[in-house]
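Have a look at data10.csv below; it lists CSV, C-alpha atoms.
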chain,number,residue,atom,x,y,z
A,1,MET,CA,-4.4,-1.6,21.8
A,2,LYS,CA,-5.8,-4.0,24.4
A,3,LEU,CA,-4.2,-2.0,27.2
A,4,ARG,CA,-5.7,1.3,25.9
A,5,ILE,CA,-9.2,-0.3,25.6
A,6,PHE,CA,-8.8,-1.7,29.2
A,7,ALA,CA,-7.7,1.7,30.5
A,8,ALA,CA,-10.6,3.5,28.8
A,9,VAL,CA,-13.3,1.1,30.0
A,10,LEU,CA,-12.0,1.2,33.6
A,11,ALA,CA,-11.8,4.9,33.6
A,12,CYS,CA,-15.4,5.2,32.3
A,13,LEU,CA,-16.7,3.0,35.1
A,14,VAL,CA,-15.3,5.2,37.9
A,15,ALA,CA,-15.4,8.6,36.2
A,16,ALA,CA,-18.8,9.7,37.4
A,17,VAL,CA,-18.1,8.8,41.0
A,18,ALA,CA,-14.6,10.2,40.9
A,19,HIS,CA,-15.8,13.5,39.5
A,20,ALA,CA,-18.4,13.7,42.2
A,21,GLN,CA,-15.6,13.6,44.7
A,22,GLY,CA,-13.8,16.5,43.1
A,23,VAL,CA,-11.4,14.5,41.0
A,24,ASP,CA,-10.7,15.6,37.4
A,25,TRP,CA,-8.1,13.2,36.1
A,26,PRO,CA,-7.3,12.5,32.4
A,27,ASP,CA,-7.8,9.2,30.6
A,28,GLN,CA,-4.8,9.6,28.2
A,29,VAL,CA,-1.5,11.4,28.4
A,30,PRO,CA,1.5,11.5,26.1
A,31,VAL,CA,4.8,9.7,26.7
A,32,GLY,CA,7.5,11.9,28.2
A,33,SER,CA,5.1,14.2,30.1
A,34,LEU,CA,4.8,15.0,33.8
A,35,LEU,CA,1.4,13.9,35.0
A,36,VAL,CA,0.1,15.7,38.1
A,37,LEU,CA,-3.1,14.4,39.8
A,38,ASP,CA,-4.9,16.4,42.5
A,39,ALA,CA,-6.6,14.7,45.4
A,40,PRO,CA,-10.1,15.7,46.5
A,41,ALA,CA,-9.9,18.9,48.6
A,42,GLY,CA,-10.0,18.6,52.3
A,43,THR,CA,-8.9,15.0,52.6
A,44,ALA,CA,-5.7,13.3,53.8
A,45,CYS,CA,-4.6,10.7,51.3
A,46,THR,CA,-2.1,8.0,50.4
A,47,TRP,CA,-1.2,7.0,46.8
A,48,ALA,CA,-0.2,3.8,45.1
A,49,VAL,CA,1.1,3.7,41.5
A,50,SER,CA,1.8,0.7,39.2
A,51,ALA,CA,2.5,0.5,35.5
A,52,THR,CA,2.3,-1.8,32.5
A,53,ASP,CA,4.2,-1.1,29.2
A,54,VAL,CA,2.8,-1.6,25.7
A,55,ASP,CA,4.1,-5.2,25.7
A,56,GLY,CA,2.2,-6.1,28.9
A,57,ALA,CA,5.3,-6.1,31.2
A,58,THR,CA,5.0,-4.4,34.5
A,59,TYR,CA,7.6,-1.8,35.7
A,60,ASP,CA,8.0,0.6,38.6
A,61,PRO,CA,7.0,4.1,37.5
A,62,VAL,CA,8.8,7.2,38.9
A,63,PHE,CA,6.5,9.3,41.1
A,64,ARG,CA,6.4,11.6,44.0
A,65,GLU,CA,3.7,12.5,46.5
A,66,PHE,CA,2.9,16.0,47.5
A,67,PRO,CA,0.3,17.4,50.0
A,68,GLY,CA,-2.9,16.8,48.1
A,69,ALA,CA,-1.3,15.8,44.8
A,70,LEU,CA,0.8,13.2,43.0
A,71,ALA,CA,3.4,13.7,40.2
A,72,VAL,CA,4.2,10.8,37.8
A,73,GLU,CA,6.8,10.7,35.0
A,74,THR,CA,5.3,9.1,31.9
A,75,ARG,CA,8.5,7.6,30.6
A,76,TYR,CA,7.0,4.6,28.6
A,77,GLY,CA,3.9,3.9,26.6
A,78,GLY,CA,1.3,1.6,28.3
A,79,VAL,CA,-1.1,2.0,31.2
A,80,LEU,CA,-0.6,3.7,34.6
A,81,ALA,CA,-2.8,2.3,37.5
A,82,ILE,CA,-3.5,4.9,40.2
A,83,VAL,CA,-5.0,4.1,43.6
A,84,LEU,CA,-5.9,6.9,46.0
A,85,LYS,CA,-7.0,6.2,49.5
A,86,THR,CA,-8.5,9.1,51.5
A,87,ASP,CA,-9.8,9.6,55.0
A,88,ALA,CA,-13.2,10.7,53.7
A,89,LYS,CA,-16.0,9.6,56.1
A,90,ARG,CA,-18.7,9.8,53.4
A,91,GLY,CA,-18.8,8.9,49.8
A,92,LEU,CA,-15.8,7.5,47.9
A,93,SER,CA,-12.8,6.8,50.2
A,94,GLU,CA,-10.8,4.8,47.6
A,95,ILE,CA,-10.4,5.7,44.0
A,96,HIS,CA,-8.9,3.4,41.3
A,97,TRP,CA,-8.0,5.0,38.0
A,98,SER,CA,-6.2,3.9,34.8
A,99,ILE,CA,-4.5,6.3,32.5
A,100,GLY,CA,-3.3,5.3,29.0
A,101,VAL,CA,0.2,6.6,28.2
A,102,GLY,CA,0.9,7.2,24.5
A,103,ASP,CA,-1.0,8.2,21.4
A,104,ASP,CA,-4.7,7.9,21.9
A,105,ASP,CA,-5.2,6.7,18.3
A,106,PRO,CA,-1.8,5.8,16.8
A,107,GLN,CA,-1.4,5.1,13.1
A,108,PRO,CA,-1.3,1.4,12.4
A,109,ASP,CA,2.0,-0.2,11.8
A,110,PRO,CA,2.4,-0.2,8.0
A,111,GLY,CA,4.6,-3.3,8.2
A,112,PRO,CA,7.4,-4.0,5.7
A,113,ASP,CA,7.4,-2.5,2.3
A,114,PRO,CA,5.7,-4.7,-0.3
A,115,PRO,CA,8.1,-6.5,-2.7
A,116,PRO,CA,8.7,-4.8,-6.1
A,117,PRO,CA,6.3,-6.0,-8.8
A,118,VAL,CA,7.4,-8.5,-11.4
A,119,VAL,CA,8.6,-6.5,-14.4
A,120,GLY,CA,8.8,-9.3,-16.9
A,121,ARG,CA,11.8,-9.6,-19.1
A,122,ILE,CA,15.0,-8.9,-17.2
A,123,PHE,CA,18.8,-8.8,-17.9
A,124,ALA,CA,21.2,-9.9,-15.1
A,125,VAL,CA,24.9,-10.2,-14.5
A,126,LEU,CA,26.6,-11.6,-11.5
A,127,VAL,CA,30.0,-10.0,-11.3
A,128,GLU,CA,32.9,-11.4,-9.2
A,129,GLU,CA,36.7,-11.1,-8.8
A,130,THR,CA,37.9,-14.6,-9.5
A,131,GLU,CA,41.2,-14.0,-7.8
A,132,ASN,CA,39.4,-13.0,-4.6
A,133,ARG,CA,37.0,-15.9,-4.5
A,134,ALA,CA,38.8,-17.5,-1.5
A,135,ALA,CA,37.9,-14.4,0.5
A,136,CYS,CA,34.2,-15.0,-0.1
A,137,THR,CA,32.0,-16.7,2.4
A,138,PRO,CA,31.2,-20.4,1.7
A,139,GLU,CA,27.7,-19.4,0.9
A,140,GLN,CA,28.9,-16.9,-1.7
A,141,ARG,CA,31.3,-19.3,-3.3
A,142,LEU,CA,28.5,-21.9,-3.6
A,143,ALA,CA,26.3,-19.2,-5.3
A,144,LEU,CA,29.0,-18.5,-7.8
A,145,VAL,CA,29.1,-22.1,-9.0
A,146,ALA,CA,25.5,-23.0,-8.6
A,147,THR,CA,23.3,-23.7,-11.6
A,148,ALA,CA,19.8,-23.2,-10.4
A,149,ASP,CA,19.9,-19.5,-11.2
A,150,GLU,CA,21.3,-20.1,-14.7
A,151,GLU,CA,18.6,-22.8,-15.4
A,152,TYR,CA,15.9,-20.4,-14.2
A,153,MET,CA,17.1,-17.6,-16.5
A,154,LYS,CA,17.5,-19.9,-19.4
A,155,SER,CA,14.0,-21.3,-19.0
A,156,LYS,CA,12.5,-17.8,-19.1
A,157,GLY,CA,14.6,-16.8,-22.0
A,158,TYR,CA,16.3,-14.0,-20.1
A,159,PHE,CA,19.9,-12.8,-20.5
A,160,TYR,CA,22.2,-13.9,-17.7
A,161,ARG,CA,25.9,-14.1,-17.2
A,162,LYS,CA,28.3,-14.8,-14.4
A,163,VAL,CA,31.6,-13.1,-15.2
A,164,ASP,CA,34.9,-11.9,-13.7
A,165,GLN,CA,35.1,-8.1,-13.4
A,166,ASP,CA,38.1,-8.1,-15.8
A,167,VAL,CA,36.6,-10.3,-18.5
A,168,VAL,CA,37.5,-9.4,-22.1
A,169,GLU,CA,36.9,-10.8,-25.6
A,170,PRO,CA,38.7,-10.4,-28.9
A,171,ASP,CA,37.8,-7.2,-30.7
A,172,GLY,CA,38.4,-8.7,-34.1
A,173,GLN,CA,41.4,-6.6,-34.7
A,174,GLY,CA,44.0,-8.6,-32.8
A,175,GLY,CA,43.2,-6.9,-29.4
A,176,ASP,CA,40.8,-7.4,-26.5
A,177,ARG,CA,37.8,-5.4,-25.4
A,178,VAL,CA,35.1,-5.5,-22.7
A,179,PRO,CA,32.1,-7.5,-24.0
A,180,LEU,CA,29.7,-4.9,-25.3
A,181,ASP,CA,26.6,-6.7,-24.0
A,182,ILE,CA,27.8,-6.4,-20.4
A,183,ALA,CA,29.9,-3.3,-20.5
A,184,SER,CA,27.4,-1.2,-18.6
A,185,PHE,CA,27.1,-3.8,-15.9
A,186,LEU,CA,30.8,-4.1,-15.4
A,187,GLN,CA,31.1,-0.3,-15.3
A,188,ARG,CA,28.5,-0.2,-12.6
A,189,ALA,CA,30.3,-2.8,-10.5
A,190,GLU,CA,33.7,-1.1,-10.8
A,191,GLY,CA,35.0,-0.2,-7.4
A,192,GLN,CA,32.1,-1.8,-5.6
A,193,PRO,CA,32.2,-4.8,-3.2
A,194,LEU,CA,32.0,-8.1,-5.0
A,195,PRO,CA,30.5,-10.5,-5.8
A,196,ARG,CA,27.3,-8.6,-6.7
A,197,LEU,CA,24.2,-9.2,-8.7
A,198,ILE,CA,22.9,-6.5,-11.0
A,199,ILE,CA,19.5,-6.8,-12.6
A,200,ALA,CA,18.1,-4.4,-15.2
A,201,ASP,CA,14.8,-4.1,-17.1
A,202,GLU,CA,14.4,-4.0,-20.9
A,203,ARG,CA,15.1,-0.3,-21.0
A,204,GLY,CA,18.3,-0.5,-19.0
A,205,GLY,CA,16.8,0.7,-15.7
A,206,ILE,CA,18.5,-0.8,-12.7
A,207,LEU,CA,16.2,-2.9,-10.6
A,208,HIS,CA,18.7,-4.4,-8.2
A,209,ASP,CA,22.4,-3.9,-7.5
A,210,ALA,CA,23.8,-5.5,-4.3
A,211,VAL,CA,26.3,-7.9,-2.9
A,212,ILE,CA,25.1,-11.5,-3.0
A,213,THR,CA,24.9,-13.6,0.2
A,214,ASP,CA,23.9,-17.0,-0.9
A,215,GLU,CA,22.5,-19.1,-3.8
A,216,ALA,CA,18.9,-18.9,-2.5
A,217,GLY,CA,19.1,-15.1,-2.4
A,218,VAL,CA,20.3,-14.8,-5.9
A,219,LEU,CA,17.5,-17.0,-7.2
A,220,ARG,CA,15.0,-15.2,-5.1
A,221,MET,CA,15.9,-11.8,-6.5
A,222,LEU,CA,15.8,-13.1,-10.1
A,223,LYS,CA,12.4,-14.5,-9.6
A,224,GLN,CA,11.2,-11.4,-7.8
A,225,TYR,CA,11.6,-9.4,-10.9
A,226,GLY,CA,11.4,-12.0,-13.6
A,227,GLY,CA,8.4,-14.0,-12.2
A,228,GLU,CA,8.1,-17.6,-11.2
Would you write out, as structure tokens, the structure that this file holds?
Amino acid sequence: MKLRIFAAVLACLVAAVAHAQGVDWPDQVPVGSLLVLDAPAGTACTWAVSATDVDGATYDPVFREFPGALAVETRYGGVLAIVLKTDAKRGLSEIHWSIGVGDDDPQPDPGPDPPPPVVGRIFAVLVEETENRAACTPEQRLALVATADEEYMKSKGYFYRKVDQDVVEPDGQGGDRVPLDIASFLQRAEGQPLPRLIIADERGGILHDAVITDEAGVLRMLKQYGGE
């Protein structure tokens, strides 16, 4: 933005004089175009071109001189600085001009997406494969045995379990079955990379479903949806 403002101010300062000398150069051009600048008619001239990118770093632009004209490739956003020296005996014998390269008024960077809003009461299950725990990262293994997430969920009165993906319980008829309260979570985790944290709202809508990386990340996601 500062570069564009600088280019515009400098161009305005010399515009009237330059136009009087037969120069009609732009103040702004798009990236990726071929900029052609004509010199005042009837004069011999030499050109100098320098450039600054949008981060303020200088670079050497690609340009070529022709009789009475200059062609510049606008490869990067930023500012082009043009100096034209002529053999004119009267009036302006040296012209300095700045041209902004890029959108004249680009849309502001929206920045990162805002975090999802706190939804209140949540249900969460952390699913792992116990037999494969040795293949987890040290940070993941620590998250699987940590208690801060369990203490948080208990303090809020939210449902939370850490389970093996093959967990079963007696069905009351001499057999085993998948626990009914987490059956949908286990089904969702089936065939997916583990360990993963799944969070749902009161209506069963999935709010979060992703592999965990560390203890802090698990607690952060629980608080993001469940509130501090």
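Separating CA of Asp87 in chain A from CA of Cys45 in chain A is a distance of 6.5 Å.
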Residue nearest Ile99 in chain A - candidates A:Ala41, A:Ile212, A:Ala71, A:Leu35, atoms counted: all atoms listed in the file: A:Leu35
Which residue of A:Gly120, A:Pro67, A:Gly32, A:Gly175 approaches Gly157 in chain A most closely, using all atoms listed in the file: A:Gly120
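Within a radius of 9 Å around (19.8, -2.8, -20.8), the polymer residues are Ile122, Phe123, Asp181, Ile182, Ser184, Phe185, Ala200, Asp201, Glu202, Arg203, Gly204, Gly205 and Ile206 of chain A, counting all atoms listed in the file.
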Contacts of Val145 in chain A at 10 Å (all atoms listed in the file; same-chain gap of 5+ positions) as a PyMOL selection string: chain A and resi 140+150+162+215
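Among A:Val167, A:Tyr158, A:Leu70, A:Leu126, the residue with the shortest atom-to-atom distance to Gly226 in chain A, counting only C-alpha atoms, is A:Tyr158.
Proximity ranking of A:Ile82, A:Val127, A:Met221, A:Val101 relative to Leu186 in chain A places A:Val127 first, based on all atoms listed in the file.
When CA of Cys136 in chain A is paired with CA of Arg161 in chain A, their separation reads 19.0 Å.
CA of Leu180 in chain A lies 22.2 Å from CA of Leu144 in chain A.
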